[in-house]
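A.B. asks: Just dropping this structure here.
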2 protein chains.
Amino acid sequence: MNKEEQVIMGFRDLFNKMVWLNKFKMEDRLKDYKPSEVHCIEYIGRNVDSNVTKLAESFYMTRSAISKITKKLIEKGFIESYQKSDNKKEIYFRLTPQGKVINKVHEELHKEFRERDKAVFEQVTEEQFDSMLSFMERYSRHLDAEIKKLGVDSKSE
Amino acid sequence: MNKEEQVIMGFRDLFNKMVWLNKFKMEDRLKDYKPSEVHCIEYIGRNVDSNVTKLAESFYMTRSAISKITKKLIEKGFIESYQKSDNKKEIYFRLTPQGKVINKVHEELHKEFRERDKAVFEQVTEEQFDSMLSFMERYSRHLDAEIKKLGVDSKSE
DNA sequence: ATTATTTTGTTGACACGGAAACAAAATAAC
DNA sequence: GTTATTTTGTTTCCGTGTCAACAAAATAAT
């Protein structure tokens with residue numbers, strides 16, 4: 001197995017591991033809240049005028065799925081929807097005070113994760129950081145271009 | 001946002017993007033086969049004496065899920081189960097000729113993905129590769145240790 | 001040897017996410 | 001200004017994965 005494959009495979013395994021572990025911790029701390037719900041709360045907390053479409057694109061999920069999650073979050077009172085006077089189609093979301101509490105707990109958890117992984121990151125030099133970041137950015141742009149190709153192709157069929 | 005967060009977030013976004021795109025391509029080529037099924041076929045093709053438990057641990061999924069997937073794969077004739085004379089409990093899997101065909105197609109696809117991403121990897125120096133790999137390995141071991149802690153704690157409760 | 005515990009795999013109920021079909025509003029085309 | 005197309009969001013149906021409960025075999029404890 002060459003190094004490219006090692007990077008990809010290691011990448012995948014590491015990611016699965018991290019998601020699994022953090023999900024475990026998350027469910028322990030935020031017992032009644034689903035990961036996807038918390039994830040949405042996080043996004044809505046960070047981005048003003050979030051809507052179903054933006055959330056879906058950001059999470060690589062369907063609008064259908066997001067629509068259901070946000071519906072639940074509204075029922076539970078963590079987010080509320082609002083519209084703008086000049087647009088009767090788009091529906092935006094913002095956190096309620098209750099939602100902000102959840103967001104706070106979520107941020108605390110992330111802080112704990114960072115603390116937990118501090119030792120690993122401390123061994124990384126500035127150059128290594130920059131090298132990894134530039135690699136990821138290049139790779140990401142590359143995939144964006146590939147995805148764009150798909151979009152064009154799928155519509156031209 | 002500091003560099004650690006950038007790495008983690010970039011990591012997550014990049015991974016989501018890659019999974020989404022490759023899933024798209026995969027479903028285009030292997031129309032009737034589900035990603036999880038193909039994933040299992042890949043693992044069983046690589047590892048002798050695969051069983052439900054090993055697959056579940058490797059994929060960070062429940063035995064329940066794997067049990068259902070493998071059941072389907074047997075019904076479809078892609079894998080077959082066998083046991084050893086000295087153990088009437090454990091059930092192992094191996095690919096059938098038909099399963100090997102799927103595995104072949106799957107490998108072809110991976111080759112295409114590598115080809116597609118070649119340009120990105122060509123810009124990576126040997127030192128950068130080693131640096132990334134050692135980082136991932138360290139991080140992975142670190143998370144393993146954390147997961148191990150969980151196991152001990154959850155049993156000592 | 002007998003009993004208790006752990007490991008391994010399966011099943012049924014349920015929740016989550018995707019695909020498709022849909023309605024309503026906004027935008028583009030003419 | 002009217003019609004066609006696109007965008008945005010929702011709902012229904014269905015497949016997949018998790019959880020909990022379970023049975024059977026293997027292993028540990030005594």
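By convention in this document, the chains of the structure tokens carry letters A, B, ... by their order, each chain's residues are numbered from 1, and ligands are numbered from 1 in the order they are shown.
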Write down as JSON, numbers by chain the residues of segment 1-137 of chain B whose backbone DSSP state falls under alpha helix (DSSP H).

C.D. replies: {"B": [3, 4, 5, 6, 7, 8, 9, 10, 11, 12, 13, 14, 15, 16, 17, 18, 19, 20, 21, 22, 23, 24, 25, 26, 27, 28, 29, 35, 36, 37, 38, 39, 40, 41, 42, 43, 44, 45, 46, 52, 53, 54, 55, 56, 57, 58, 59, 63, 64, 65, 66, 67, 68, 69, 70, 71, 72, 73, 74, 75, 76, 97, 98, 99, 100, 101, 102, 103, 104, 105, 106, 107, 108, 109, 110, 111, 112, 113, 114, 115, 116, 117, 118, 119, 120, 121, 122, 126, 127, 128, 129, 130, 131, 132, 133, 134, 135, 136, 137]}

A.B. asks: Give chain B as a short mmCIF file (atom, residue, chain, number, x, y, z; two decimals) with N, CA and C atoms, in the first residue's frame once it has been least-squares superposed onto chain A over every C-alpha atom, paired in order.

C.D. replies:
```cif
data_model
loop_
_atom_site.label_atom_id
_atom_site.label_comp_id
_atom_site.auth_asym_id
_atom_site.auth_seq_id
_atom_site.Cartn_x
_atom_site.Cartn_y
_atom_site.Cartn_z
N MET B 1 0.86 -1.08 -0.15
CA MET B 1 0.00 0.13 -0.14
C MET B 1 0.90 1.38 -0.15
N ASN B 2 0.70 2.22 -1.14
CA ASN B 2 1.54 3.42 -1.21
C ASN B 2 1.04 4.51 -0.25
N LYS B 3 1.78 5.61 -0.24
CA LYS B 3 1.49 6.63 0.77
C LYS B 3 0.17 7.36 0.54
N GLU B 4 -0.18 7.51 -0.73
CA GLU B 4 -1.46 8.18 -1.00
C GLU B 4 -2.61 7.38 -0.39
N GLU B 5 -2.56 6.08 -0.64
CA GLU B 5 -3.61 5.22 -0.08
C GLU B 5 -3.57 5.23 1.44
N GLN B 6 -2.36 5.21 1.97
CA GLN B 6 -2.22 5.25 3.43
C GLN B 6 -2.88 6.50 4.00
N VAL B 7 -2.65 7.62 3.31
CA VAL B 7 -3.24 8.87 3.78
C VAL B 7 -4.76 8.79 3.74
N ILE B 8 -5.28 8.32 2.62
CA ILE B 8 -6.74 8.24 2.47
C ILE B 8 -7.35 7.28 3.48
N MET B 9 -6.77 6.10 3.56
CA MET B 9 -7.31 5.09 4.49
C MET B 9 -7.16 5.55 5.94
N GLY B 10 -5.99 6.05 6.27
CA GLY B 10 -5.75 6.52 7.62
C GLY B 10 -6.71 7.64 7.98
N PHE B 11 -6.91 8.47 7.03
CA PHE B 11 -7.86 9.57 7.10
C PHE B 11 -9.24 9.04 7.47
N ARG B 12 -9.71 8.06 6.73
CA ARG B 12 -11.04 7.50 6.94
C ARG B 12 -11.16 6.84 8.31
N ASP B 13 -10.17 6.01 8.63
CA ASP B 13 -10.21 5.33 9.92
C ASP B 13 -10.18 6.31 11.07
N LEU B 14 -9.29 7.28 10.96
CA LEU B 14 -9.16 8.27 12.02
C LEU B 14 -10.46 9.03 12.20
N PHE B 15 -11.06 9.40 11.08
CA PHE B 15 -12.31 10.15 11.13
C PHE B 15 -13.42 9.34 11.78
N ASN B 16 -13.57 8.09 11.34
CA ASN B 16 -14.59 7.22 11.91
C ASN B 16 -14.42 7.10 13.42
N LYS B 17 -13.18 6.93 13.81
CA LYS B 17 -12.86 6.76 15.21
C LYS B 17 -13.27 8.00 16.00
N MET B 18 -12.88 9.16 15.47
CA MET B 18 -13.15 10.41 16.16
C MET B 18 -14.65 10.66 16.27
N VAL B 19 -15.36 10.45 15.17
CA VAL B 19 -16.80 10.67 15.18
C VAL B 19 -17.46 9.76 16.20
N TRP B 20 -17.05 8.53 16.19
CA TRP B 20 -17.65 7.55 17.11
C TRP B 20 -17.42 7.95 18.56
N LEU B 21 -16.19 8.29 18.87
CA LEU B 21 -15.84 8.65 20.25
C LEU B 21 -16.55 9.92 20.70
N ASN B 22 -16.51 10.95 19.85
CA ASN B 22 -17.13 12.22 20.24
C ASN B 22 -18.65 12.08 20.34
N LYS B 23 -19.20 11.24 19.49
CA LYS B 23 -20.64 10.98 19.57
C LYS B 23 -20.98 10.32 20.92
N PHE B 24 -20.12 9.42 21.30
CA PHE B 24 -20.30 8.73 22.59
C PHE B 24 -20.31 9.74 23.74
N LYS B 25 -19.29 10.59 23.74
CA LYS B 25 -19.17 11.61 24.79
C LYS B 25 -20.35 12.57 24.75
N MET B 26 -20.71 12.95 23.54
CA MET B 26 -21.81 13.90 23.34
C MET B 26 -23.11 13.35 23.91
N GLU B 27 -23.39 12.11 23.62
CA GLU B 27 -24.64 11.51 24.08
C GLU B 27 -24.64 11.34 25.59
N ASP B 28 -23.43 11.23 26.14
CA ASP B 28 -23.32 11.12 27.58
C ASP B 28 -23.68 12.45 28.25
N ARG B 29 -23.21 13.55 27.64
CA ARG B 29 -23.40 14.86 28.24
C ARG B 29 -24.76 15.47 27.88
N LEU B 30 -25.11 15.36 26.60
CA LEU B 30 -26.38 15.93 26.14
C LEU B 30 -27.37 14.80 25.89
N LYS B 31 -27.76 14.19 26.98
CA LYS B 31 -28.49 12.93 26.90
C LYS B 31 -29.70 12.93 25.97
N ASP B 32 -30.49 13.98 26.04
CA ASP B 32 -31.76 13.94 25.31
C ASP B 32 -31.67 14.53 23.90
N TYR B 33 -30.48 14.95 23.50
CA TYR B 33 -30.36 15.62 22.22
C TYR B 33 -29.57 14.80 21.22
N LYS B 34 -30.09 14.66 20.05
CA LYS B 34 -29.46 13.89 18.99
C LYS B 34 -28.29 14.67 18.37
N PRO B 35 -27.25 13.96 17.95
CA PRO B 35 -26.10 14.63 17.36
C PRO B 35 -26.48 15.56 16.21
N SER B 36 -27.37 15.11 15.34
CA SER B 36 -27.72 15.93 14.19
C SER B 36 -28.44 17.21 14.63
N GLU B 37 -29.23 17.08 15.68
CA GLU B 37 -29.92 18.27 16.20
C GLU B 37 -28.91 19.26 16.76
N VAL B 38 -27.97 18.75 17.55
CA VAL B 38 -26.94 19.62 18.13
C VAL B 38 -26.11 20.26 17.01
N HIS B 39 -25.83 19.48 15.99
CA HIS B 39 -25.06 19.97 14.86
C HIS B 39 -25.76 21.15 14.20
N CYS B 40 -27.08 21.01 14.03
CA CYS B 40 -27.87 22.09 13.45
C CYS B 40 -27.85 23.32 14.35
N ILE B 41 -28.02 23.10 15.63
CA ILE B 41 -27.99 24.21 16.58
C ILE B 41 -26.67 24.96 16.48
N GLU B 42 -25.59 24.17 16.39
CA GLU B 42 -24.26 24.78 16.26
C GLU B 42 -24.20 25.68 15.02
N TYR B 43 -24.66 25.14 13.90
CA TYR B 43 -24.59 25.91 12.64
C TYR B 43 -25.44 27.17 12.71
N ILE B 44 -26.67 27.01 13.21
CA ILE B 44 -27.58 28.15 13.29
C ILE B 44 -27.02 29.20 14.24
N GLY B 45 -26.34 28.75 15.29
CA GLY B 45 -25.72 29.67 16.22
C GLY B 45 -24.61 30.48 15.58
N ARG B 46 -23.91 29.87 14.65
CA ARG B 46 -22.77 30.54 14.02
C ARG B 46 -23.16 31.42 12.84
N ASN B 47 -24.17 30.97 12.08
CA ASN B 47 -24.48 31.66 10.83
C ASN B 47 -25.83 32.36 10.88
N VAL B 48 -25.82 33.68 10.64
CA VAL B 48 -27.09 34.41 10.60
C VAL B 48 -27.85 34.02 9.35
N ASP B 49 -29.16 34.10 9.44
CA ASP B 49 -30.03 33.77 8.31
C ASP B 49 -29.79 32.36 7.77
N SER B 50 -29.62 31.41 8.65
CA SER B 50 -29.54 30.02 8.21
C SER B 50 -30.91 29.60 7.70
N ASN B 51 -30.92 28.78 6.67
CA ASN B 51 -32.19 28.20 6.24
C ASN B 51 -31.97 26.73 5.86
N VAL B 52 -33.05 26.06 5.51
CA VAL B 52 -33.00 24.63 5.21
C VAL B 52 -31.95 24.33 4.14
N THR B 53 -31.97 25.11 3.07
CA THR B 53 -31.07 24.85 1.95
C THR B 53 -29.61 24.97 2.34
N LYS B 54 -29.28 26.05 3.06
CA LYS B 54 -27.88 26.25 3.46
C LYS B 54 -27.40 25.13 4.38
N LEU B 55 -28.24 24.76 5.33
CA LEU B 55 -27.89 23.67 6.23
C LEU B 55 -27.65 22.38 5.46
N ALA B 56 -28.54 22.10 4.52
CA ALA B 56 -28.42 20.87 3.74
C ALA B 56 -27.12 20.84 2.95
N GLU B 57 -26.80 21.95 2.31
CA GLU B 57 -25.57 22.00 1.51
C GLU B 57 -24.34 21.86 2.38
N SER B 58 -24.38 22.51 3.53
CA SER B 58 -23.22 22.46 4.41
C SER B 58 -22.99 21.07 4.98
N PHE B 59 -24.07 20.36 5.28
CA PHE B 59 -23.94 19.04 5.89
C PHE B 59 -23.94 17.91 4.87
N TYR B 60 -24.06 18.24 3.61
CA TYR B 60 -24.17 17.22 2.57
C TYR B 60 -25.31 16.26 2.88
N MET B 61 -26.44 16.87 3.25
CA MET B 61 -27.66 16.09 3.49
C MET B 61 -28.76 16.66 2.60
N THR B 62 -29.89 15.96 2.57
CA THR B 62 -30.99 16.44 1.74
C THR B 62 -31.79 17.51 2.48
N ARG B 63 -32.48 18.35 1.72
CA ARG B 63 -33.33 19.36 2.35
C ARG B 63 -34.41 18.67 3.16
N SER B 64 -34.84 17.55 2.66
CA SER B 64 -35.86 16.76 3.35
C SER B 64 -35.46 16.47 4.80
N ALA B 65 -34.27 15.96 4.96
CA ALA B 65 -33.79 15.61 6.30
C ALA B 65 -33.73 16.83 7.20
N ILE B 66 -33.15 17.92 6.66
CA ILE B 66 -33.00 19.14 7.46
C ILE B 66 -34.36 19.70 7.83
N SER B 67 -35.28 19.62 6.91
CA SER B 67 -36.63 20.13 7.17
C SER B 67 -37.24 19.44 8.38
N LYS B 68 -37.04 18.13 8.47
CA LYS B 68 -37.60 17.39 9.59
C LYS B 68 -36.88 17.71 10.90
N ILE B 69 -35.56 17.84 10.82
CA ILE B 69 -34.79 18.14 12.03
C ILE B 69 -35.18 19.51 12.57
N THR B 70 -35.24 20.50 11.70
CA THR B 70 -35.57 21.86 12.16
C THR B 70 -36.99 21.92 12.70
N LYS B 71 -37.87 21.15 12.08
CA LYS B 71 -39.25 21.10 12.58
C LYS B 71 -39.27 20.64 14.04
N LYS B 72 -38.49 19.59 14.29
CA LYS B 72 -38.40 19.09 15.66
C LYS B 72 -37.80 20.12 16.61
N LEU B 73 -36.74 20.79 16.12
CA LEU B 73 -36.06 21.76 16.96
C LEU B 73 -36.98 22.92 17.32
N ILE B 74 -37.88 23.26 16.38
CA ILE B 74 -38.86 24.32 16.66
C ILE B 74 -39.85 23.84 17.71
N GLU B 75 -40.34 22.60 17.50
CA GLU B 75 -41.30 22.03 18.46
C GLU B 75 -40.71 21.97 19.87
N LYS B 76 -39.42 21.67 19.93
CA LYS B 76 -38.76 21.57 21.23
C LYS B 76 -38.38 22.93 21.79
N GLY B 77 -38.49 23.94 20.94
CA GLY B 77 -38.23 25.30 21.41
C GLY B 77 -36.78 25.72 21.43
N PHE B 78 -35.92 25.05 20.64
CA PHE B 78 -34.50 25.42 20.60
C PHE B 78 -34.20 26.45 19.53
N ILE B 79 -35.00 26.44 18.47
CA ILE B 79 -34.83 27.45 17.43
C ILE B 79 -36.19 28.03 17.08
N GLU B 80 -36.16 29.18 16.40
CA GLU B 80 -37.42 29.74 15.91
C GLU B 80 -37.20 30.22 14.48
N SER B 81 -38.27 30.25 13.70
CA SER B 81 -38.14 30.66 12.30
C SER B 81 -38.62 32.09 12.12
N TYR B 82 -38.11 32.72 11.11
CA TYR B 82 -38.55 34.09 10.79
C TYR B 82 -38.40 34.31 9.30
N GLN B 83 -39.11 35.28 8.79
CA GLN B 83 -39.01 35.59 7.36
C GLN B 83 -38.71 37.06 7.18
N LYS B 84 -38.34 37.40 5.96
CA LYS B 84 -38.06 38.80 5.66
C LYS B 84 -39.24 39.38 4.88
N SER B 85 -39.44 40.66 5.06
CA SER B 85 -40.64 41.29 4.50
C SER B 85 -40.71 41.20 2.97
N ASP B 86 -39.55 41.14 2.34
CA ASP B 86 -39.54 41.14 0.87
C ASP B 86 -39.42 39.74 0.27
N ASN B 87 -39.57 38.71 1.10
CA ASN B 87 -39.45 37.35 0.58
C ASN B 87 -40.36 36.40 1.36
N LYS B 88 -41.38 35.93 0.69
CA LYS B 88 -42.34 35.07 1.37
C LYS B 88 -42.04 33.58 1.19
N LYS B 89 -40.89 33.28 0.57
CA LYS B 89 -40.55 31.89 0.30
C LYS B 89 -39.52 31.34 1.29
N GLU B 90 -38.45 32.07 1.43
CA GLU B 90 -37.36 31.59 2.27
C GLU B 90 -37.68 31.74 3.76
N ILE B 91 -37.31 30.72 4.50
CA ILE B 91 -37.58 30.68 5.94
C ILE B 91 -36.25 30.55 6.68
N TYR B 92 -35.96 31.50 7.54
CA TYR B 92 -34.68 31.49 8.25
C TYR B 92 -34.85 31.02 9.69
N PHE B 93 -33.72 30.66 10.28
CA PHE B 93 -33.75 30.18 11.67
C PHE B 93 -32.79 30.97 12.55
N ARG B 94 -33.16 31.09 13.80
CA ARG B 94 -32.24 31.63 14.82
C ARG B 94 -32.46 30.86 16.11
N LEU B 95 -31.46 30.90 16.99
CA LEU B 95 -31.56 30.19 18.26
C LEU B 95 -32.47 30.93 19.23
N THR B 96 -33.23 30.18 20.00
CA THR B 96 -33.96 30.76 21.13
C THR B 96 -33.01 30.78 22.32
N PRO B 97 -33.36 31.47 23.39
CA PRO B 97 -32.51 31.43 24.59
C PRO B 97 -32.21 29.99 25.01
N GLN B 98 -33.24 29.16 24.96
CA GLN B 98 -33.07 27.75 25.32
C GLN B 98 -32.04 27.08 24.40
N GLY B 99 -32.11 27.41 23.11
CA GLY B 99 -31.16 26.84 22.14
C GLY B 99 -29.75 27.30 22.41
N LYS B 100 -29.63 28.54 22.88
CA LYS B 100 -28.30 29.08 23.18
C LYS B 100 -27.65 28.33 24.33
N VAL B 101 -28.48 27.86 25.24
CA VAL B 101 -27.95 27.08 26.36
C VAL B 101 -27.33 25.79 25.83
N ILE B 102 -28.07 25.11 24.98
CA ILE B 102 -27.55 23.88 24.38
C ILE B 102 -26.25 24.16 23.64
N ASN B 103 -26.26 25.24 22.90
CA ASN B 103 -25.07 25.60 22.13
C ASN B 103 -23.88 25.81 23.05
N LYS B 104 -24.15 26.40 24.19
CA LYS B 104 -23.10 26.64 25.17
C LYS B 104 -22.50 25.31 25.65
N VAL B 105 -23.37 24.41 26.02
CA VAL B 105 -22.92 23.10 26.49
C VAL B 105 -22.10 22.41 25.41
N HIS B 106 -22.57 22.55 24.20
CA HIS B 106 -21.88 21.96 23.07
C HIS B 106 -20.48 22.53 22.89
N GLU B 107 -20.39 23.84 23.06
CA GLU B 107 -19.08 24.49 22.95
C GLU B 107 -18.15 24.01 24.05
N GLU B 108 -18.70 23.85 25.23
CA GLU B 108 -17.91 23.34 26.35
C GLU B 108 -17.31 21.98 26.00
N LEU B 109 -18.16 21.16 25.41
CA LEU B 109 -17.72 19.82 25.04
C LEU B 109 -16.56 19.88 24.05
N HIS B 110 -16.71 20.77 23.08
CA HIS B 110 -15.64 20.90 22.09
C HIS B 110 -14.34 21.36 22.74
N LYS B 111 -14.50 22.21 23.73
CA LYS B 111 -13.31 22.66 24.47
C LYS B 111 -12.65 21.45 25.15
N GLU B 112 -13.49 20.60 25.70
CA GLU B 112 -12.96 19.39 26.35
C GLU B 112 -12.23 18.49 25.35
N PHE B 113 -12.82 18.38 24.17
CA PHE B 113 -12.18 17.55 23.14
C PHE B 113 -10.81 18.13 22.79
N ARG B 114 -10.77 19.44 22.66
CA ARG B 114 -9.49 20.07 22.34
C ARG B 114 -8.48 19.81 23.45
N GLU B 115 -8.97 19.93 24.66
CA GLU B 115 -8.10 19.69 25.80
C GLU B 115 -7.58 18.25 25.79
N ARG B 116 -8.49 17.36 25.51
CA ARG B 116 -8.16 15.94 25.45
C ARG B 116 -7.07 15.67 24.41
N ASP B 117 -7.15 16.35 23.27
CA ASP B 117 -6.24 16.09 22.16
C ASP B 117 -5.05 17.03 22.13
N LYS B 118 -4.97 17.86 23.14
CA LYS B 118 -3.91 18.87 23.20
C LYS B 118 -2.52 18.26 22.99
N ALA B 119 -2.29 17.18 23.70
CA ALA B 119 -0.98 16.54 23.66
C ALA B 119 -0.56 16.18 22.24
N VAL B 120 -1.53 15.74 21.45
CA VAL B 120 -1.22 15.37 20.07
C VAL B 120 -0.83 16.59 19.26
N PHE B 121 -1.61 17.64 19.43
CA PHE B 121 -1.38 18.84 18.61
C PHE B 121 -0.13 19.60 19.03
N GLU B 122 0.24 19.46 20.29
CA GLU B 122 1.42 20.18 20.75
C GLU B 122 2.68 19.73 20.04
N GLN B 123 2.66 18.51 19.57
CA GLN B 123 3.84 17.98 18.88
C GLN B 123 3.92 18.42 17.43
N VAL B 124 2.89 19.13 16.99
CA VAL B 124 2.86 19.55 15.59
C VAL B 124 3.51 20.93 15.45
N THR B 125 4.47 21.05 14.56
CA THR B 125 5.14 22.33 14.36
C THR B 125 4.28 23.24 13.49
N GLU B 126 4.65 24.50 13.50
CA GLU B 126 3.91 25.50 12.71
C GLU B 126 3.93 25.14 11.23
N GLU B 127 5.09 24.68 10.78
CA GLU B 127 5.21 24.32 9.35
C GLU B 127 4.32 23.14 9.01
N GLN B 128 4.26 22.19 9.94
CA GLN B 128 3.41 21.03 9.69
C GLN B 128 1.94 21.43 9.62
N PHE B 129 1.55 22.32 10.51
CA PHE B 129 0.17 22.84 10.47
C PHE B 129 -0.13 23.44 9.11
N ASP B 130 0.74 24.35 8.72
CA ASP B 130 0.51 25.05 7.46
C ASP B 130 0.51 24.08 6.29
N SER B 131 1.39 23.11 6.38
CA SER B 131 1.47 22.11 5.31
C SER B 131 0.18 21.31 5.22
N MET B 132 -0.33 20.89 6.36
CA MET B 132 -1.56 20.11 6.37
C MET B 132 -2.74 20.95 5.90
N LEU B 133 -2.80 22.18 6.41
CA LEU B 133 -3.92 23.05 6.05
C LEU B 133 -3.93 23.34 4.55
N SER B 134 -2.75 23.60 4.01
CA SER B 134 -2.71 23.92 2.59
C SER B 134 -3.08 22.69 1.76
N PHE B 135 -2.67 21.53 2.25
CA PHE B 135 -3.05 20.29 1.56
C PHE B 135 -4.57 20.11 1.57
N MET B 136 -5.15 20.27 2.75
CA MET B 136 -6.59 20.08 2.86
C MET B 136 -7.34 21.10 2.00
N GLU B 137 -6.84 22.31 1.99
CA GLU B 137 -7.52 23.34 1.20
C GLU B 137 -7.45 23.02 -0.29
N ARG B 138 -6.26 22.60 -0.72
CA ARG B 138 -6.10 22.26 -2.14
C ARG B 138 -7.01 21.10 -2.51
N TYR B 139 -7.00 20.10 -1.63
CA TYR B 139 -7.83 18.90 -1.88
C TYR B 139 -9.30 19.29 -1.93
N SER B 140 -9.68 20.13 -1.00
CA SER B 140 -11.07 20.55 -0.92
C SER B 140 -11.50 21.30 -2.19
N ARG B 141 -10.65 22.19 -2.64
CA ARG B 141 -10.95 22.94 -3.87
C ARG B 141 -11.04 21.98 -5.05
N HIS B 142 -10.13 21.03 -5.06
CA HIS B 142 -10.12 20.03 -6.14
C HIS B 142 -11.45 19.28 -6.19
N LEU B 143 -11.92 18.86 -5.02
CA LEU B 143 -13.19 18.13 -4.96
C LEU B 143 -14.36 19.03 -5.33
N ASP B 144 -14.29 20.30 -4.91
CA ASP B 144 -15.34 21.23 -5.30
C ASP B 144 -15.46 21.30 -6.81
N ALA B 145 -14.32 21.35 -7.46
CA ALA B 145 -14.31 21.42 -8.92
C ALA B 145 -14.95 20.17 -9.51
N GLU B 146 -14.64 19.02 -8.92
CA GLU B 146 -15.20 17.75 -9.40
C GLU B 146 -16.72 17.73 -9.20
N ILE B 147 -17.14 18.23 -8.04
CA ILE B 147 -18.58 18.26 -7.75
C ILE B 147 -19.28 19.20 -8.73
N LYS B 148 -18.63 20.29 -9.03
CA LYS B 148 -19.19 21.24 -9.98
C LYS B 148 -19.39 20.58 -11.35
N LYS B 149 -18.39 19.82 -11.76
CA LYS B 149 -18.49 19.09 -13.02
C LYS B 149 -19.75 18.22 -13.03
N LEU B 150 -19.95 17.50 -11.94
CA LEU B 150 -21.13 16.63 -11.83
C LEU B 150 -22.39 17.41 -12.09
N GLY B 151 -22.51 18.54 -11.39
CA GLY B 151 -23.70 19.37 -11.51
C GLY B 151 -23.98 19.72 -12.96
N VAL B 152 -22.95 20.16 -13.67
CA VAL B 152 -23.10 20.54 -15.07
C VAL B 152 -23.51 19.33 -15.89
N ASP B 153 -22.79 18.23 -15.69
CA ASP B 153 -23.07 17.03 -16.46
C ASP B 153 -24.51 16.54 -16.24
N SER B 154 -24.91 16.52 -14.97
CA SER B 154 -26.22 15.94 -14.66
C SER B 154 -27.35 16.79 -15.24
N LYS B 155 -27.06 18.07 -15.41
CA LYS B 155 -28.10 18.93 -15.98
C LYS B 155 -28.09 18.91 -17.50
N SER B 156 -26.95 18.57 -18.07
CA SER B 156 -26.84 18.57 -19.53
C SER B 156 -27.28 17.25 -20.13
N GLU B 157 -27.62 16.30 -19.28
CA GLU B 157 -28.05 14.99 -19.80
C GLU B 157 -29.44 15.05 -20.41
#
```

A.B. asks: What are the residues of chain D that have an atom within 8 Å of an atom of chain A, counting only C-alpha atoms (C1' of nucleotides), as a PyMOL selection string?

C.D. replies: chain D and resi 8-10

A.B. asks: Which residues are near DT5 of chain D? Cut-off 9 Å, only C-alpha atoms (C1' of nucleotides), ignore same chain within fewer than 3 positions. Put them as a VMD selection string.

C.D. replies: chain C and resid 27 to 29

A.B. asks: Any idea what the distance is between atom C1' of DA21 of chain D and atom C1' of DC16 of chain C?

C.D. replies: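 Taking atom C1' of DA21 of chain D as the start and atom C1' of DC16 of chain C as the end point, the length is 21.8 Å.
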
A.B. asks: With distances taken over only C-alpha atoms (C1' of nucleotides), which residue among C:DT7, C:DA26, C:DT2, C:DG18 lies nearest chain B?

C.D. replies: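 Smallest distance to chain B is found for C:DT7.
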
A.B. asks: Could you tell me which residues of chain C sit within 10 Å of chain B when counting only C-alpha atoms (C1' of nucleotides), and give me the result as a PyMOL selection string?

C.D. replies: chain C and resi 7-11

A.B. asks: Can you write just those residues out, N, CA and C atoms (P, O5', C5', C4', C3', O3' and C1' of nucleotides), as a short mmCIF file (atom, residue, chain, number, x, y, z; two decimals), in the first residue's frame?

C.D. replies:
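This went into selection.cif:
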```
data_model
loop_
_atom_site.label_atom_id
_atom_site.label_comp_id
_atom_site.auth_asym_id
_atom_site.auth_seq_id
_atom_site.Cartn_x
_atom_site.Cartn_y
_atom_site.Cartn_z
P DT C 7 -16.20 -10.36 26.82
"O5'" DT C 7 -16.61 -11.28 25.58
"C5'" DT C 7 -15.97 -12.53 25.41
"C4'" DT C 7 -16.58 -13.29 24.26
"C3'" DT C 7 -16.79 -12.45 22.98
"O3'" DT C 7 -16.25 -13.17 21.90
"C1'" DT C 7 -18.78 -13.57 23.57
P DT C 8 -16.08 -12.50 20.46
"O5'" DT C 8 -17.39 -12.99 19.69
"C5'" DT C 8 -17.56 -14.38 19.40
"C4'" DT C 8 -18.93 -14.61 18.82
"C3'" DT C 8 -19.31 -13.64 17.70
"O3'" DT C 8 -19.34 -14.34 16.47
"C1'" DT C 8 -21.11 -14.04 19.21
P DG C 9 -19.60 -13.58 15.09
"O5'" DG C 9 -21.18 -13.66 14.92
"C5'" DG C 9 -21.79 -14.95 14.84
"C4'" DG C 9 -23.29 -14.82 15.02
"C3'" DG C 9 -24.00 -13.91 14.01
"O3'" DG C 9 -24.86 -14.71 13.21
"C1'" DG C 9 -24.79 -13.58 16.24
P DT C 10 -25.77 -14.03 12.11
"O5'" DT C 10 -27.17 -13.81 12.83
"C5'" DT C 10 -27.82 -14.95 13.40
"C4'" DT C 10 -29.14 -14.54 14.03
"C3'" DT C 10 -30.07 -13.72 13.13
"O3'" DT C 10 -31.30 -14.42 13.01
"C1'" DT C 10 -29.88 -12.72 15.27
P DT C 11 -32.36 -13.93 11.95
"O5'" DT C 11 -33.40 -13.08 12.83
"C5'" DT C 11 -34.11 -13.71 13.89
"C4'" DT C 11 -34.86 -12.67 14.71
"C3'" DT C 11 -35.76 -11.73 13.88
"O3'" DT C 11 -37.11 -11.91 14.28
"C1'" DT C 11 -34.45 -10.52 15.46
#
```
